[in-house]
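What follows is the content of input-v8.cif (mmCIF, C-alpha atoms).
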```cif
data_final
#
loop_
_atom_site.label_atom_id
_atom_site.label_comp_id
_atom_site.auth_asym_id
_atom_site.auth_seq_id
_atom_site.Cartn_x
_atom_site.Cartn_y
_atom_site.Cartn_z
CA MET T 1 -18.63 -19.04 4.15
CA ALA T 2 -19.78 -21.37 1.39
CA ALA T 3 -17.15 -23.38 -0.45
CA ASP T 4 -17.66 -21.43 -3.68
CA GLU T 5 -17.49 -17.98 -2.05
CA VAL T 6 -14.36 -15.90 -2.38
CA ASP T 7 -12.96 -14.16 0.70
CA GLU T 8 -12.25 -10.62 -0.51
CA ILE T 9 -10.12 -9.78 2.53
CA ARG T 10 -8.13 -12.83 3.61
CA GLY T 11 -5.39 -13.86 1.21
CA VAL T 12 -4.32 -17.27 0.00
CA THR T 13 -0.98 -18.72 1.12
CA ARG T 14 1.00 -20.31 -1.70
CA GLY T 15 4.16 -22.37 -1.88
CA SER T 16 6.15 -22.47 1.35
CA ALA T 17 5.46 -18.83 2.27
CA PRO T 18 4.30 -18.46 5.89
CA VAL T 19 1.40 -16.19 4.88
CA PRO T 20 0.04 -14.66 1.65
CA LEU T 21 2.54 -12.41 -0.15
CA SER T 22 1.48 -9.17 -1.81
CA VAL T 23 3.00 -6.13 -3.51
CA LEU T 24 3.17 -2.42 -2.68
CA ASP T 25 4.19 -0.13 -5.55
CA LEU T 26 5.21 3.53 -5.44
CA VAL T 27 5.82 3.60 -9.21
CA THR T 28 9.46 4.49 -8.56
CA VAL T 29 11.20 6.87 -10.99
CA GLY T 30 14.97 6.44 -11.00
CA ALA T 31 17.48 9.07 -12.11
CA GLY T 32 17.85 8.86 -15.87
CA SER T 33 14.36 7.43 -16.45
CA THR T 34 10.87 8.87 -16.95
CA ALA T 35 7.45 8.45 -15.41
CA THR T 36 6.49 6.54 -18.55
CA ASP T 37 9.30 4.08 -17.85
CA ALA T 38 8.06 3.73 -14.26
CA VAL T 39 4.47 3.03 -15.32
CA ARG T 40 5.67 0.42 -17.83
CA THR T 41 7.64 -1.25 -15.04
CA SER T 42 4.53 -1.28 -12.86
CA VAL T 43 2.53 -3.01 -15.60
CA ALA T 44 5.28 -5.61 -16.05
CA LEU T 45 5.52 -6.08 -12.29
CA ALA T 46 1.76 -6.51 -11.86
CA ARG T 47 1.68 -9.13 -14.60
CA LEU T 48 4.73 -10.95 -13.20
CA THR T 49 3.46 -11.06 -9.63
CA GLU T 50 0.01 -12.13 -10.79
CA SER T 51 1.55 -15.04 -12.68
CA ARG T 52 3.60 -16.02 -9.61
CA GLY T 53 0.68 -16.14 -7.16
CA PHE T 54 1.10 -12.90 -5.22
CA HIS T 55 -2.28 -12.07 -3.70
CA ARG T 56 -2.76 -8.32 -4.15
CA TYR T 57 -1.07 -5.31 -5.74
CA TRP T 58 -1.51 -1.92 -4.06
CA VAL T 59 -0.42 1.55 -5.18
CA ALA T 60 0.35 4.31 -2.66
CA GLU T 61 -0.68 7.97 -2.95
CA HIS T 62 2.21 10.44 -2.69
CA HIS T 63 2.60 14.00 -3.92
CA SER T 64 5.36 16.44 -4.87
CA MET T 65 8.02 13.71 -4.88
CA PRO T 66 9.95 13.48 -8.19
CA GLY T 67 10.93 9.84 -7.54
CA VAL T 68 7.36 8.64 -6.95
CA ALA T 69 4.86 8.65 -9.84
CA SER T 70 1.86 7.33 -7.90
CA SER T 71 0.11 10.63 -7.15
CA SER T 72 -3.13 9.29 -8.70
CA PRO T 73 -3.67 5.70 -7.49
CA ALA T 74 -7.07 5.32 -9.15
CA VAL T 75 -5.60 6.19 -12.56
CA ILE T 76 -2.69 3.77 -12.13
CA LEU T 77 -5.03 1.03 -10.91
CA ALA T 78 -7.34 1.45 -13.91
CA HIS T 79 -4.32 0.96 -16.18
CA LEU T 80 -3.22 -2.11 -14.23
CA ALA T 81 -6.74 -3.54 -14.36
CA ALA T 82 -6.54 -3.48 -18.15
CA HIS T 83 -3.34 -5.55 -18.07
CA THR T 84 -4.20 -8.15 -15.39
CA ASP T 85 -6.93 -10.74 -14.81
CA ARG T 86 -6.78 -12.16 -11.28
CA ILE T 87 -4.57 -10.29 -8.84
CA ARG T 88 -6.39 -8.00 -6.41
CA LEU T 89 -5.76 -4.31 -7.05
CA GLY T 90 -6.00 -1.55 -4.50
CA SER T 91 -4.77 1.60 -2.82
CA GLY T 92 -2.15 1.41 -0.17
CA GLY T 93 -3.48 3.92 0.29
CA VAL T 94 -5.66 6.78 -0.78
CA MET T 95 -5.22 9.61 1.73
CA LEU T 96 -8.83 10.31 2.67
CA PRO T 97 -8.40 13.87 4.04
CA ASN T 98 -7.03 14.94 0.63
CA HIS T 99 -10.32 14.14 -1.14
CA ALA T 100 -14.08 14.46 -0.86
CA PRO T 101 -15.51 11.08 0.20
CA LEU T 102 -17.96 11.12 -2.72
CA VAL T 103 -15.07 11.43 -5.19
CA ILE T 104 -13.32 8.37 -3.72
CA ALA T 105 -16.56 6.36 -3.68
CA GLU T 106 -17.11 7.10 -7.37
CA GLN T 107 -13.49 6.44 -8.36
CA PHE T 108 -13.45 3.05 -6.65
CA GLY T 109 -16.95 2.22 -7.82
CA THR T 110 -15.62 2.77 -11.33
CA LEU T 111 -12.60 0.57 -10.62
CA GLU T 112 -14.92 -2.13 -9.27
CA ALA T 113 -16.87 -1.97 -12.54
CA MET T 114 -13.60 -2.43 -14.45
CA ALA T 115 -12.28 -5.30 -12.30
CA PRO T 116 -15.28 -6.84 -10.50
CA GLY T 117 -14.53 -8.54 -7.22
CA ARG T 118 -10.82 -7.71 -7.06
CA VAL T 119 -10.58 -4.08 -5.88
CA ASP T 120 -9.45 -3.00 -2.38
CA LEU T 121 -9.88 0.47 -0.92
CA GLY T 122 -7.07 1.19 1.54
CA LEU T 123 -7.37 4.51 3.36
CA GLY T 124 -4.86 6.63 5.26
CA ARG T 125 -5.20 9.86 7.22
CA ALA T 126 -1.75 11.35 6.56
CA PRO T 127 -1.35 13.71 3.58
CA GLY T 128 1.26 11.61 1.77
CA THR T 129 3.36 14.74 1.30
CA ASP T 130 4.63 17.92 3.02
CA GLY T 131 2.36 20.47 4.67
CA ALA T 132 2.45 23.04 1.88
CA THR T 133 1.50 20.48 -0.76
CA ALA T 134 -1.25 19.13 1.49
CA ALA T 135 -2.62 22.66 1.81
CA ALA T 136 -2.69 22.98 -1.97
CA LEU T 137 -4.46 19.63 -2.33
CA ARG T 138 -7.05 20.38 0.32
CA ARG T 139 -7.36 24.13 -0.35
CA THR T 140 -7.07 24.81 3.37
CA GLU T 141 -4.32 25.66 5.83
CA ARG T 142 -6.08 23.76 8.64
CA LEU T 143 -4.35 20.46 8.01
CA ASN T 144 -4.98 18.92 11.43
CA GLU T 145 -8.70 19.35 10.93
CA GLY T 146 -8.70 16.75 8.15
CA ALA T 147 -6.82 14.19 10.22
CA ASP T 148 -8.97 14.80 13.30
CA ASP T 149 -12.13 14.38 11.24
CA PHE T 150 -10.95 11.08 9.75
CA PRO T 151 -13.55 8.88 11.55
CA GLN T 152 -16.36 11.14 10.32
CA GLN T 153 -14.95 11.19 6.78
CA LEU T 154 -14.65 7.40 6.87
CA ALA T 155 -18.29 7.05 7.98
CA GLU T 156 -19.42 9.34 5.16
CA LEU T 157 -17.40 7.43 2.57
CA THR T 158 -18.80 4.11 3.80
CA ARG T 159 -22.36 5.39 3.48
CA PHE T 160 -21.67 6.53 -0.07
CA LEU T 161 -20.23 3.09 -0.90
CA ASP T 162 -23.28 1.36 0.60
CA ASP T 163 -25.79 4.02 -0.50
CA ASP T 164 -27.44 3.98 2.91
CA PHE T 165 -27.65 7.53 4.25
CA PRO T 166 -30.67 7.67 6.61
CA ASP T 167 -33.86 9.57 5.83
CA GLY T 168 -33.47 13.25 6.60
CA HIS T 169 -29.70 13.29 5.98
CA PRO T 170 -28.67 16.09 3.56
CA TYR T 171 -26.94 13.50 1.36
CA ARG T 172 -29.86 11.05 1.31
CA ARG T 173 -30.63 11.78 -2.36
CA ILE T 174 -26.99 11.83 -3.47
CA HIS T 175 -25.66 8.58 -4.93
CA ALA T 176 -22.14 7.45 -5.81
CA ILE T 177 -22.20 6.21 -9.41
CA PRO T 178 -21.30 3.43 -10.19
CA GLY T 179 -22.89 2.14 -7.00
CA PRO T 180 -25.72 0.23 -5.33
CA VAL T 181 -28.47 2.65 -6.39
CA GLN T 182 -28.14 1.34 -9.93
CA GLY T 183 -29.31 -2.06 -8.75
CA SER T 184 -32.40 -0.60 -7.10
CA SER T 185 -33.37 1.50 -10.13
CA PRO T 186 -36.11 0.14 -12.44
CA GLY T 187 -34.52 -2.55 -14.59
CA GLY T 188 -31.22 -2.20 -12.77
CA VAL T 189 -28.73 -4.97 -12.14
CA GLN T 190 -25.88 -4.15 -9.78
CA SER T 191 -22.67 -6.04 -9.06
CA PRO T 192 -22.78 -7.83 -5.69
CA HIS T 193 -19.24 -6.64 -4.95
CA ARG T 194 -18.24 -3.52 -3.06
CA PRO T 195 -14.53 -2.73 -2.54
CA PRO T 196 -13.53 -3.80 0.99
CA VAL T 197 -12.27 -0.91 3.10
CA TRP T 198 -8.89 -1.23 4.82
CA LEU T 199 -7.41 1.23 7.28
CA LEU T 200 -3.71 2.03 6.93
CA GLY T 201 -1.43 3.43 9.58
CA SER T 202 2.04 3.95 10.97
CA SER T 203 0.95 4.58 14.58
CA GLY T 204 -1.79 3.60 16.96
CA PHE T 205 -4.64 5.84 15.78
CA SER T 206 -5.75 3.81 12.75
CA ALA T 207 -4.88 0.54 14.51
CA ARG T 208 -7.39 1.32 17.25
CA LEU T 209 -10.02 2.63 14.83
CA ALA T 210 -9.69 -0.43 12.57
CA GLY T 211 -10.07 -2.68 15.61
CA LEU T 212 -13.15 -0.88 16.94
CA LEU T 213 -14.81 -0.98 13.49
CA GLY T 214 -13.84 -4.58 12.77
CA LEU T 215 -11.95 -3.65 9.61
CA PRO T 216 -8.76 -5.15 8.16
CA PHE T 217 -5.61 -3.20 9.03
CA ALA T 218 -2.40 -2.52 7.11
CA PHE T 219 0.65 -1.25 8.99
CA ALA T 220 3.57 0.60 7.37
CA HIS T 221 6.41 -1.43 8.88
CA HIS T 222 8.64 -0.35 5.99
CA PHE T 223 8.94 3.18 7.39
CA SER T 224 7.77 2.86 10.99
CA ALA T 225 9.30 -0.43 12.16
CA GLN T 226 9.59 0.62 15.80
CA ASN T 227 5.80 0.95 16.03
CA THR T 228 4.85 -2.29 14.30
CA ILE T 229 4.32 -4.66 17.22
CA PRO T 230 2.63 -2.06 19.50
CA ALA T 231 0.23 -1.12 16.69
CA LEU T 232 -0.61 -4.73 15.84
CA ASP T 233 -1.14 -5.54 19.51
CA LEU T 234 -3.45 -2.53 19.85
CA TYR T 235 -5.42 -3.58 16.77
CA ARG T 236 -5.91 -7.12 18.06
CA GLU T 237 -6.78 -5.97 21.59
CA THR T 238 -9.46 -3.52 20.42
CA PHE T 239 -10.89 -5.67 17.62
CA ARG T 240 -14.63 -6.13 17.57
CA PRO T 241 -16.17 -8.63 15.13
CA SER T 242 -18.09 -6.99 12.30
CA ALA T 243 -20.07 -7.87 9.20
CA VAL T 244 -16.84 -8.07 7.21
CA LEU T 245 -14.47 -9.75 9.69
CA ALA T 246 -15.04 -12.20 12.52
CA GLU T 247 -11.37 -12.06 13.58
CA PRO T 248 -8.54 -9.53 13.15
CA TYR T 249 -6.66 -9.49 9.86
CA ALA T 250 -3.49 -7.42 9.59
CA LEU T 251 -0.89 -7.12 6.88
CA ILE T 252 2.39 -5.25 7.13
CA GLY T 253 4.32 -3.42 4.43
CA VAL T 254 7.90 -4.69 4.27
CA SER T 255 10.82 -3.23 2.35
CA ALA T 256 12.51 -6.23 0.74
CA LEU T 257 15.05 -6.53 -2.06
CA ALA T 258 16.51 -9.80 -3.35
CA THR T 259 19.35 -9.83 -5.88
CA ASP T 260 21.52 -12.46 -7.52
CA ASP T 261 24.58 -10.71 -6.10
CA PRO T 262 24.28 -9.75 -2.40
CA ARG T 263 26.69 -6.86 -2.96
CA GLU T 264 24.20 -5.32 -5.37
CA ALA T 265 21.48 -5.58 -2.72
CA ARG T 266 23.68 -3.62 -0.29
CA ARG T 267 24.42 -0.98 -2.94
CA GLN T 268 20.75 -0.56 -3.77
CA THR T 269 19.63 -0.34 -0.15
CA ARG T 270 22.18 2.38 0.52
CA ALA T 271 20.80 4.31 -2.45
CA MET T 272 17.33 3.71 -1.03
CA ALA T 273 18.42 5.15 2.31
CA LEU T 274 19.93 8.21 0.59
CA ASN T 275 16.60 8.73 -1.17
CA MET T 276 14.77 8.62 2.17
CA LEU T 277 17.35 10.90 3.81
CA ARG T 278 16.70 13.53 1.16
CA LEU T 279 12.97 13.16 1.60
CA ARG T 280 13.16 13.49 5.38
CA THR T 281 15.29 16.64 5.06
CA GLY T 282 12.93 18.31 2.59
CA ARG T 283 14.99 17.62 -0.56
CA PRO T 284 13.06 14.90 -2.44
CA GLY T 285 14.38 13.93 -5.85
CA LEU T 286 14.54 11.11 -8.35
CA PHE T 287 15.58 7.76 -6.93
CA PRO T 288 19.42 7.89 -6.96
CA ASP T 289 21.60 5.26 -8.56
CA PRO T 290 24.06 3.34 -6.34
CA GLU T 291 27.04 5.18 -7.81
CA GLU T 292 25.61 8.47 -6.59
CA ALA T 293 25.13 7.01 -3.13
CA GLU T 294 28.73 5.76 -3.14
CA ARG T 295 30.01 9.23 -4.07
CA HIS T 296 27.91 10.97 -1.44
CA GLU T 297 29.84 12.17 1.62
CA PHE T 298 27.66 11.38 4.62
CA GLY T 299 28.11 13.27 7.87
CA PRO T 300 28.04 11.39 11.21
CA MET T 301 24.32 11.99 11.79
CA GLU T 302 23.51 11.09 8.19
CA GLU T 303 25.51 7.91 8.45
CA GLU T 304 23.61 7.03 11.62
CA PHE T 305 20.34 7.51 9.74
CA ILE T 306 21.57 5.36 6.84
CA THR T 307 22.54 2.54 9.21
CA SER T 308 19.22 2.70 11.04
CA TRP T 309 17.16 2.80 7.85
CA THR T 310 18.90 -0.06 6.07
CA ALA T 311 18.58 -2.25 9.18
CA ASN T 312 14.84 -2.52 8.49
CA ILE T 313 15.23 -3.48 4.83
CA VAL T 314 15.19 -7.23 4.27
CA HIS T 315 17.84 -7.59 1.58
CA GLY T 316 20.43 -9.95 0.14
CA THR T 317 20.18 -13.21 -1.76
CA ALA T 318 16.82 -14.91 -2.22
CA ASP T 319 17.57 -17.28 0.67
CA GLU T 320 18.58 -14.40 2.94
CA VAL T 321 15.40 -12.49 2.12
CA ARG T 322 13.25 -15.57 2.68
CA THR T 323 14.87 -16.08 6.10
CA GLY T 324 14.38 -12.41 6.96
CA LEU T 325 10.71 -12.47 5.97
CA ASP T 326 10.12 -15.68 7.90
CA ASP T 327 11.70 -14.16 11.00
CA LEU T 328 9.64 -10.97 10.63
CA HIS T 329 6.46 -13.00 10.37
CA LYS T 330 7.34 -14.92 13.53
CA ARG T 331 8.03 -11.69 15.43
CA THR T 332 4.87 -9.86 14.34
CA GLY T 333 2.31 -12.58 13.66
CA ALA T 334 1.20 -10.61 10.59
CA ASP T 335 -1.51 -12.31 8.53
CA GLU T 336 0.01 -11.11 5.25
CA LEU T 337 3.31 -9.62 4.06
CA MET T 338 3.13 -6.84 1.47
CA LEU T 339 6.54 -6.38 -0.13
CA VAL T 340 7.87 -3.14 -1.56
CA SER T 341 11.10 -3.58 -3.52
CA HIS T 342 12.84 -0.29 -4.20
CA ALA T 343 15.67 -0.16 -6.70
CA HIS T 344 17.04 2.36 -9.16
CA ARG T 345 16.30 0.18 -12.21
CA GLY T 346 13.00 -1.44 -13.01
CA GLU T 347 14.57 -4.74 -14.02
CA LEU T 348 16.07 -5.10 -10.53
CA ARG T 349 12.64 -4.68 -8.98
CA LEU T 350 11.19 -7.32 -11.28
CA ARG T 351 14.06 -9.67 -10.56
CA SER T 352 13.61 -9.20 -6.81
CA TYR T 353 10.01 -10.42 -6.86
CA GLU T 354 10.97 -13.27 -9.16
CA LEU T 355 13.72 -14.42 -6.80
CA ILE T 356 11.44 -14.20 -3.76
CA ALA T 357 8.76 -16.18 -5.59
CA ASP T 358 11.33 -18.84 -6.47
CA ALA T 359 12.60 -18.99 -2.90
CA TYR T 360 9.11 -19.80 -1.66
CA GLY T 361 8.24 -22.12 -4.52
CA LEU T 362 5.34 -19.98 -5.72
CA PRO T 363 3.55 -21.14 -8.88
CA THR T 364 5.09 -20.27 -12.22
CA ALA T 365 1.89 -19.61 -14.16
#
```

Encoding of this model in structure tokens:
Amino acid sequence: MAADEVDEIRGVTRGSAPVPLSVLDLVTVGAGSTATDAVRTSVALARLTESRGFHRYWVAEHHSMPGVASSSPAVILAHLAAHTDRIRLGSGGVMLPNHAPLVIAEQFGTLEAMAPGRVDLGLGRAPGTDGATAAALRRTERLNEGADDFPQQLAELTRFLDDDFPDGHPYRRIHAIPGPVQGSSPGGVQSPHRPPVWLLGSSGFSARLAGLLGLPFAFAHHFSAQNTIPALDLYRETFRPSAVLAEPYALIGVSALATDDPREARRQTRAMALNMLRLRTGRPGLFPDPEEAERHEFGPMEEEFITSWTANIVHGTADEVRTGLDDLHKRTGADELMLVSHAHRGELRLRSYELIADAYGLPTA
């Protein structure tokens, strides 16, 4: 790579962080607040983390969850693009089986036109919701079919992004706009950038596929911690060099919350666990405040879940979180840490990233 070329996949390590630090946002809606409040927090958070040297900012697709306002990542990302200048923006991820590949290619081609050279396309194969909602999104009851067809859907999406369907293919004359065909049209000038594709996963399927295709891989450690090291090992073992990557590159999503008062971190993580408990038992709601979590009477099995869930959240003071992240990096060998800081109030989320940036000596402008 020439000295003046920008690597659109590998991040830049800043300060004393062991690897590049990035952000995952679910556009959290706390009890007593609105989706508008959540979107405003996301804008403030994107601008803060950009100023502090975080590498990328991803938004995750979820549906039918009152506490998560990120059902339309492309729309959120377009809004964030208008309020930022440098930080990479992307999906963490778009759930490919929920959408026609052509639609995604055009959405992210549009985002690339809005923020040239700083858009990532992260793809997952899960629905990002319950089965009934997935059926409504996909207009089919055959939900496993979409997941099983993921490699074929990925290949179709990639061809739309590159505009290279072979002669004789039924889609040969169909073009994703904005896209490469504009550059080959008479008088056309097309951006040299195309959003890099990442595969996301919480098990071995996408890890293996990403390795075989030579694509970057993002693992959801924040909700599947027991599978992290096996999945990363599988990705590295199966990796084949490609046109986009000569060596494996894997980031992991990490739930991390730093607070000025460590007691507040414990209160917030317990509320976070209650939120996840409700989701796992089919009762999703707005993100609860800590007082509600303190009033909640947990049964023995619920308490066991709470203990298990909070054990995988790196939380406490800034120094404690830095130590926890350093240890996690040593254990996993991840090439990048993508932090998701859940809290009932937006200002606590902002403060968490600020404290973590300070702990690692990240730039202040």

Worksheet item: Counting only C-alpha atoms, what is within 12 Å of Thr49 of chain T, bar same-chain residues fewer than 6 positions away, as JSON, numbers by chain?
Response: {"T": [21, 22, 23, 24, 25, 41, 42, 43, 55, 56, 57, 58, 84, 85, 86, 87, 88, 89, 338, 339, 349, 350, 351, 352, 353, 354, 355, 356, 357, 358, 362, 363, 364, 365]}

Keeping only C-alpha atoms, write the selected residues to a file as a PDB file, in the frame of the given file.
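Final file, again10.pdb:
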```
ATOM      1  CA  LEU T  21       2.540 -12.410  -0.150  1.00  0.00           C
ATOM      2  CA  SER T  22       1.480  -9.170  -1.810  1.00  0.00           C
ATOM      3  CA  VAL T  23       3.000  -6.130  -3.510  1.00  0.00           C
ATOM      4  CA  LEU T  24       3.170  -2.420  -2.680  1.00  0.00           C
ATOM      5  CA  ASP T  25       4.190  -0.130  -5.550  1.00  0.00           C
ATOM      6  CA  THR T  41       7.640  -1.250 -15.040  1.00  0.00           C
ATOM      7  CA  SER T  42       4.530  -1.280 -12.860  1.00  0.00           C
ATOM      8  CA  VAL T  43       2.530  -3.010 -15.600  1.00  0.00           C
ATOM      9  CA  HIS T  55      -2.280 -12.070  -3.700  1.00  0.00           C
ATOM     10  CA  ARG T  56      -2.760  -8.320  -4.150  1.00  0.00           C
ATOM     11  CA  TYR T  57      -1.070  -5.310  -5.740  1.00  0.00           C
ATOM     12  CA  TRP T  58      -1.510  -1.920  -4.060  1.00  0.00           C
ATOM     13  CA  THR T  84      -4.200  -8.150 -15.390  1.00  0.00           C
ATOM     14  CA  ASP T  85      -6.930 -10.740 -14.810  1.00  0.00           C
ATOM     15  CA  ARG T  86      -6.780 -12.160 -11.280  1.00  0.00           C
ATOM     16  CA  ILE T  87      -4.570 -10.290  -8.840  1.00  0.00           C
ATOM     17  CA  ARG T  88      -6.390  -8.000  -6.410  1.00  0.00           C
ATOM     18  CA  LEU T  89      -5.760  -4.310  -7.050  1.00  0.00           C
ATOM     19  CA  MET T 338       3.130  -6.840   1.470  1.00  0.00           C
ATOM     20  CA  LEU T 339       6.540  -6.380  -0.130  1.00  0.00           C
ATOM     21  CA  ARG T 349      12.640  -4.680  -8.980  1.00  0.00           C
ATOM     22  CA  LEU T 350      11.190  -7.320 -11.280  1.00  0.00           C
ATOM     23  CA  ARG T 351      14.060  -9.670 -10.560  1.00  0.00           C
ATOM     24  CA  SER T 352      13.610  -9.200  -6.810  1.00  0.00           C
ATOM     25  CA  TYR T 353      10.010 -10.420  -6.860  1.00  0.00           C
ATOM     26  CA  GLU T 354      10.970 -13.270  -9.160  1.00  0.00           C
ATOM     27  CA  LEU T 355      13.720 -14.420  -6.800  1.00  0.00           C
ATOM     28  CA  ILE T 356      11.440 -14.200  -3.760  1.00  0.00           C
ATOM     29  CA  ALA T 357       8.760 -16.180  -5.590  1.00  0.00           C
ATOM     30  CA  ASP T 358      11.330 -18.840  -6.470  1.00  0.00           C
ATOM     31  CA  LEU T 362       5.340 -19.980  -5.720  1.00  0.00           C
ATOM     32  CA  PRO T 363       3.550 -21.140  -8.880  1.00  0.00           C
ATOM     33  CA  THR T 364       5.090 -20.270 -12.220  1.00  0.00           C
ATOM     34  CA  ALA T 365       1.890 -19.610 -14.160  1.00  0.00           C
TER      35      ALA T 365
END
```

Practice prompt. Counting only C-alpha atoms, note down every residue that has an atom within 9 Å of the point (-18.1, -2.0, -5.7) (file coordinates), as a PyMOL selection string.
Written response: chain T and resi 105+108-113+116-117+119+161-162+178-180+191-196

Worksheet entry | Distance in Å - atom CA of Ala155 of chain T versus atom CA of Ala81 of chain T | 27.3 Å

Item to complete: Expand the PyMOL selection byres ((chain T and resi 38) around 12) into the individual residues it matches in the shown file, reporting them as JSON, numbers by chain.
Response: {"T": [25, 26, 27, 28, 29, 30, 31, 32, 33, 34, 35, 36, 37, 39, 40, 41, 42, 43, 44, 45, 66, 67, 68, 69, 70, 76, 286, 287, 342, 343, 344, 345, 346, 347, 349, 350]}

Practice prompt. Name the residues within 6 Å of (-11.1, -2.2, 4.2), counting all atoms listed in the file in the file's coordinates, and put them as a ChimeraX atom specification.
Written response: /T:121-122,196-199,215-216

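With atom CA of Leu209 of chain T on one side and atom CA of Leu325 of chain T on the other, the separation reads 27.1 Å.
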
Within 10 Å of Leu232 of chain T, counting all atoms listed in the file, which residues show up once you throw out same-chain ones fewer than 3 positions away? Write them as a tab-separated table (two decimals) with C-alpha atoms, in the coordinates of the input, please.
```
chain	number	residue	atom	x	y	z
T	203	SER	CA	0.95	4.58	14.58
T	204	GLY	CA	-1.79	3.60	16.96
T	207	ALA	CA	-4.88	0.54	14.51
T	208	ARG	CA	-7.39	1.32	17.25
T	211	GLY	CA	-10.07	-2.68	15.61
T	217	PHE	CA	-5.61	-3.20	9.03
T	218	ALA	CA	-2.40	-2.52	7.11
T	219	PHE	CA	0.65	-1.25	8.99
T	227	ASN	CA	5.80	0.95	16.03
T	228	THR	CA	4.85	-2.29	14.30
T	229	ILE	CA	4.32	-4.66	17.22
T	235	TYR	CA	-5.42	-3.58	16.77
T	236	ARG	CA	-5.91	-7.12	18.06
T	237	GLU	CA	-6.78	-5.97	21.59
T	248	PRO	CA	-8.54	-9.53	13.15
T	249	TYR	CA	-6.66	-9.49	9.86
T	250	ALA	CA	-3.49	-7.42	9.59
T	251	LEU	CA	-0.89	-7.12	6.88
T	252	ILE	CA	2.39	-5.25	7.13
T	332	THR	CA	4.87	-9.86	14.34
T	333	GLY	CA	2.31	-12.58	13.66
T	334	ALA	CA	1.20	-10.61	10.59
```

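Against the coordinates shown, the PyMOL selection byres ((chain T and resi 72) around 10) returns Val59, Ala60, Glu61, His62, His63, Ala69, Ser70, Ser71, Pro73, Ala74, Val75, Ile76, Leu77, Ser91 and Val94 of chain T.
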
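The closest residue to Ala265 of chain T, picked from T:Leu245, T:Val340, T:Ala82, T:Leu348 and counting all atoms listed in the file, is T:Leu348.
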
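Rounded to one decimal, atom CA of Gly316 of chain T and atom CA of Pro300 of chain T lie 25.2 Å from each other.
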